[in-house]
Number of protein chains: 2
Amino acid sequence: MTTPPPVSARPLLIAMGDPVGIGPECIVRAFCRGQLQDAVVVGSVQALRRAGQAAGCRPVIASLSPHGGRALAEGWLNLPAGCLPVIEPEGLPPDLASLPWGQTDARAGRASARCIEWAVERLLDGQGSALVTAPIQKSAWAAAGIHFPGHTEMLQALCTRPGLSPPDVRMMLTNGELSVVLVTIHQSLRSAIDALSVQGILQTLRIVQDAAKRQGLGQPRIAVAGLNPHAGEGGLFGDEEGRLIAPAIEAARAEGIKASGPYPPDTVFMKARHTAERPGAFDVVVAMTHDHGLIPVKYLGVEHGVNVTLGLPLVRTSPDHGTAFDIAGQGLADPRSLEAAVAWARRAASRSALE
Amino acid sequence: MTTPPPVSARPLLIAMGDPVGIGPECIVRAFCRGQLQDAVVVGSVQALRRAGQAAGCRPVIASLSPHGGRALAEGWLNLPAGCLPVIEPEGLPPDLASLPWGQTDARAGRASARCIEWAVERLLDGQGSALVTAPIQKSAWAAAGIHFPGHTEMLQALCTRPGLSPPDVRMMLTNGELSVVLVTIHQSLRSAIDALSVQGILQTLRIVQDAAKRQGLGQPRIAVAGLNPHAGEGGLFGDEEGRLIAPAIEAARAEGIKASGPYPPDTVFMKARHTAERPGAFDVVVAMTHDHGLIPVKYLGVEHGVNVTLGLPLVRTSPDHGTAFDIAGQGLADPRSLEAAVAWARRAASRSALE
């Protein structure tokens, strides 16, 4: 381990994502729009060059050495202005720029996984400020024999200390108007209901509180949505509110967390929504299920949505879209969600650094 | 049964709702804002006069006779301009204007139920064009020994023909940007999942199609939302999409209904949303659960929300709020949702009449 560079010299690291999806195009476009001034891309120089051709904007790419720790910061800080800094980790498959756009490929899967792995190692070593991941293709990971279901599980594994359990994480979706944290995610609705527990809800509230604290944001006002219509209507429409959610809120409050609820799911998101005319009543809403939380946060469009993983020992965000294989390589990719993910990560990292 | 008057002479009937809630205030305010020109209120003259005082707008109330059929239309058509026409059904409890605002009262419950009953009888008799119901207080109905859980069940009972089953109905919420119809409503989320069936989903699609047809709207583009995250992700996150929803869609399509899906719940509402800049991809979304459907339709505010009961032999709408006992009688009631309910009912009735 080398000595970490000073905070101001730690770049934000962007993992390129699947090289035949829209990730590299979004990155190049965001750079050309002046949104990546403090970032280093971890990816394939070839693939990013091809993405620039597709996107109709061809920045000069400065290839930095993947070796050494401090070298990352030094190489980055000494770059001439207007160059897109890219670090190509050792071990990337060759000829990534010759793969057809928008088709599942094991080599593309190996490449996207390797970039994440490399970036996380550097971040845990204090060489970067935050991680932004462009979309990966799950089928390409499967083809490459990488058995993580998605980013989150891979990041948990990479951040697990020897002899300890993986860190407990939660997905947050945020878009400037609304921030939502999910208690359950990728499982059937029926099994999500079965999976709810006082401990799981309480742990979610602790993770939210802790993430806010590490960013110096004080105590967020957390609204906890119920599970059932009308939050159970006093037990008439289900008992999870009384049996699980209310006790978790009470326990969290006893720990000094500003949580309240359970509120009826159909109106709590509306009440939490921040607009120019009306500040929302809450800073974040904790939702019991994937779609209770994601329906409102996506309702006005996904262009500004940011996916944040709370609970990791590093700041990690990603855009709120996938590889979009149907439009990859056509110059149609919209970089705004990636830009929002970068902006969120930058803010969070600078706040954490202030502590 | 008397001969129904010509279509143009059938007033829209507004049931007053609970006299100590905000219903009467909303009605008087909407009238003073010029939004009730073709309506007759079925309610207590006293209670509406008191609501006018609370609302700070005191229209001249023209009390019409509750007797006879054609008399309703004639009395209404011969009114001087600027009068609010009110019909007080026989059998209303006395002294309704002396009840305290915002407190559950059996007399108030009896009164709100009686007004609905009277109005439905006239509508089934062809004397009115549509029904708009102001909010009732369920606890007041319970206190009065009226054992319907809400409007919907009472309307079903009132519309049941001798020897037949009650009409199968579905709740639609609509707000100009988005229209949502619910397969399940007031039950726990767990029991709602258990209650889903091919037949219930197919019947929902038929009811939507039939309601559109009766209004001369042709074939609506109906999106069917899934139940599980990512609409089940090919069976990985639940089997209801493959086992229940897809077969119902297929059966509906075989009947000529323009239904498609199942779509992932988290993005289908966004795609269906109509705005000035972008027409939505669908006319209506069918949601499996109460909150999947109501979260997006309420997200931008409930001021313009209209609740429509599909499947009844009459047009029935209501505002998307309750009696709001906490603000009743204080001049704070917002009449916009009632106005939207009246406008929707008026349009639907005139379209139905054109057939």
# chains A, B, ... in the order shown; residues from 1 in each chain; ligands from 1
>>> closest_atom_pairs(of="chain A", to="chain B", cutoff="8 Å", atoms="only C-alpha atoms", output="tab-separated table")
residue	atom	partner	partner_atom	distance
A:Ile185	CA	B:Pro229	CA	7.6
A:His186	CA	B:Pro229	CA	6.5
A:Gln187	CA	B:Phe237	CA	4.7
A:Ser188	CA	B:Phe237	CA	4.1
A:Leu189	CA	B:Asn228	CA	5.3
A:Arg190	CA	B:Arg190	CA	6.9
A:Ile193	CA	B:Arg190	CA	7.4
A:Leu227	CA	B:Leu189	CA	7.1
A:Asn228	CA	B:Leu189	CA	5.3
A:Pro229	CA	B:His290	CA	6.2
A:Gly232	CA	B:Ser188	CA	6.8
A:Leu236	CA	B:Gln187	CA	7.6
A:Phe237	CA	B:Ser188	CA	4.1
A:Gly238	CA	B:Ser188	CA	4.5
A:Pro265	CA	B:Asp291	CA	6.3
A:Asp266	CA	B:Ile295	CA	4.3
A:Thr267	CA	B:Lys298	CA	6.5
A:Phe269	CA	B:Tyr299	CA	6.4
A:Met270	CA	B:Tyr299	CA	4.5
A:His290	CA	B:Pro229	CA	6.2
A:Asp291	CA	B:Asp266	CA	5.4
A:His292	CA	B:His292	CA	6.4
A:Leu294	CA	B:Asp266	CA	5.4
A:Ile295	CA	B:Asp266	CA	4.3
A:Pro296	CA	B:Pro296	CA	5.7
A:Lys298	CA	B:Thr267	CA	6.5
A:Tyr299	CA	B:Met270	CA	4.5
A:Leu300	CA	B:Met270	CA	6.3
A:Gly301	CA	B:Met270	CA	6.5
>>> residues_around(residues="Val132 (chain B)", least_positions_apart="6", cutoff="7 Å", atoms="only C-alpha atoms", output="PDB file with N, CA and C atoms, in the first residue's frame")
ATOM      1  N   LEU B  13     -76.098  15.018 -11.288  1.00  0.00           N
ATOM      2  CA  LEU B  13     -76.481  15.013  -9.868  1.00  0.00           C
ATOM      3  C   LEU B  13     -75.247  14.906  -8.979  1.00  0.00           C
ATOM      4  N   ILE B  14     -75.166  15.817  -8.012  1.00  0.00           N
ATOM      5  CA  ILE B  14     -74.041  15.783  -7.062  1.00  0.00           C
ATOM      6  C   ILE B  14     -74.570  15.421  -5.684  1.00  0.00           C
ATOM      7  N   ALA B  15     -74.162  14.278  -5.171  1.00  0.00           N
ATOM      8  CA  ALA B  15     -74.564  13.909  -3.812  1.00  0.00           C
ATOM      9  C   ALA B  15     -73.685  14.681  -2.833  1.00  0.00           C
ATOM     10  N   ARG B 316     -70.236   7.487 -12.833  1.00  0.00           N
ATOM     11  CA  ARG B 316     -70.037   7.953 -11.463  1.00  0.00           C
ATOM     12  C   ARG B 316     -68.588   8.345 -11.209  1.00  0.00           C
ATOM     13  N   THR B 317     -68.412   9.569 -10.731  1.00  0.00           N
ATOM     14  CA  THR B 317     -67.074  10.038 -10.372  1.00  0.00           C
ATOM     15  C   THR B 317     -67.105  10.631  -8.965  1.00  0.00           C
ATOM     16  N   SER B 318     -65.929  10.823  -8.409  1.00  0.00           N
ATOM     17  CA  SER B 318     -65.837  11.515  -7.116  1.00  0.00           C
ATOM     18  C   SER B 318     -64.477  12.177  -7.030  1.00  0.00           C
ATOM     19  N   ALA B 341     -63.843  16.209 -11.091  1.00  0.00           N
ATOM     20  CA  ALA B 341     -64.766  15.062 -11.100  1.00  0.00           C
ATOM     21  C   ALA B 341     -66.034  15.418 -11.878  1.00  0.00           C
ATOM     22  N   VAL B 342     -66.521  16.643 -11.696  1.00  0.00           N
ATOM     23  CA  VAL B 342     -67.714  17.101 -12.417  1.00  0.00           C
ATOM     24  C   VAL B 342     -67.407  17.190 -13.915  1.00  0.00           C
TER      25      VAL B 342
END
>>> closest_residue(among="B:Ile257, B:Val42, B:Leu123, B:Leu64", to="Pro220 (chain B)", atoms="only C-alpha atoms")
B:Ile257
>>> atom_distance(atom1="CA of Ala30 (chain A)", atom2="CA of Arg336 (chain A)")
7.5 Å
>>> closest_residue(among="A:Leu332, A:Met16, A:Ala108, A:Leu312", to="Asp168 (chain A)", atoms="only C-alpha atoms")
A:Leu312
>>> residues_around(residues="Gly256 (chain A)", least_positions_apart="3", cutoff="12 Å", atoms="only C-alpha atoms", output="MDAnalysis selection string")
chainID A and resid 205:206 209:210 218:222 249:253 259:260
>>> residues_around(residues="region 169-179 of chain A", least_positions_apart="5", cutoff="6 Å", atoms="only C-alpha atoms", output="NGL selection string")
:A and (273-274 or 284 or 304-311)
>>> write_last_selection(atoms="N, CA, C and O atoms", output="CSV table (one decimal), in the first residue's frame")
chain,number,residue,atom,x,y,z
A,273,ARG,N,-41.7,15.0,-2.1
A,273,ARG,CA,-41.2,15.6,-3.3
A,273,ARG,C,-40.8,17.1,-3.1
A,273,ARG,O,-41.6,17.9,-2.7
A,274,HIS,N,-39.6,17.4,-3.5
A,274,HIS,CA,-39.1,18.8,-3.5
A,274,HIS,C,-39.3,19.5,-4.8
A,274,HIS,O,-38.8,18.9,-5.8
A,284,VAL,N,-35.8,11.9,2.6
A,284,VAL,CA,-35.7,10.6,2.0
A,284,VAL,C,-36.9,9.7,2.4
A,284,VAL,O,-37.4,9.9,3.5
A,304,HIS,N,-32.5,12.1,-15.1
A,304,HIS,CA,-31.7,12.7,-14.1
A,304,HIS,C,-31.6,11.8,-12.9
A,304,HIS,O,-31.1,12.2,-11.8
A,305,GLY,N,-31.9,10.5,-13.1
A,305,GLY,CA,-31.9,9.6,-12.0
A,305,GLY,C,-30.5,9.1,-11.7
A,305,GLY,O,-29.7,8.8,-12.6
A,306,VAL,N,-30.2,9.0,-10.4
A,306,VAL,CA,-28.9,8.4,-10.0
A,306,VAL,C,-29.1,7.3,-9.0
A,306,VAL,O,-30.0,7.4,-8.1
A,307,ASN,N,-28.4,6.2,-9.2
A,307,ASN,CA,-28.5,5.1,-8.4
A,307,ASN,C,-27.3,5.2,-7.4
A,307,ASN,O,-26.1,5.3,-7.9
A,308,VAL,N,-27.5,5.1,-6.1
A,308,VAL,CA,-26.4,5.2,-5.1
A,308,VAL,C,-26.4,4.0,-4.3
A,308,VAL,O,-27.5,3.5,-3.8
A,309,THR,N,-25.3,3.4,-4.0
A,309,THR,CA,-25.2,2.2,-3.1
A,309,THR,C,-24.8,2.7,-1.8
A,309,THR,O,-23.7,3.2,-1.6
A,310,LEU,N,-25.7,2.6,-0.8
A,310,LEU,CA,-25.4,3.1,0.6
A,310,LEU,C,-24.9,1.9,1.4
A,310,LEU,O,-25.4,0.8,1.2
A,311,GLY,N,-23.9,2.1,2.2
A,311,GLY,CA,-23.4,1.0,3.1
A,311,GLY,C,-22.0,0.5,2.8
A,311,GLY,O,-21.4,-0.2,3.5
>>> atom_distance(atom1="CA of Ala195 (chain B)", atom2="CA of Glu241 (chain A)")
20.5 Å
>>> atom_distance(atom1="CA of Pro149 (chain A)", atom2="CA of Ser44 (chain A)")
23.0 Å
>>> select_by_dssp(residues="region 122-349 of chain A", states="helix (DSSP H, G or I)", output="ChimeraX atom specification")
/A:122-124,138-143,151-158,189-195,198-214,229-235,240-254,265-272,290-299,336-349
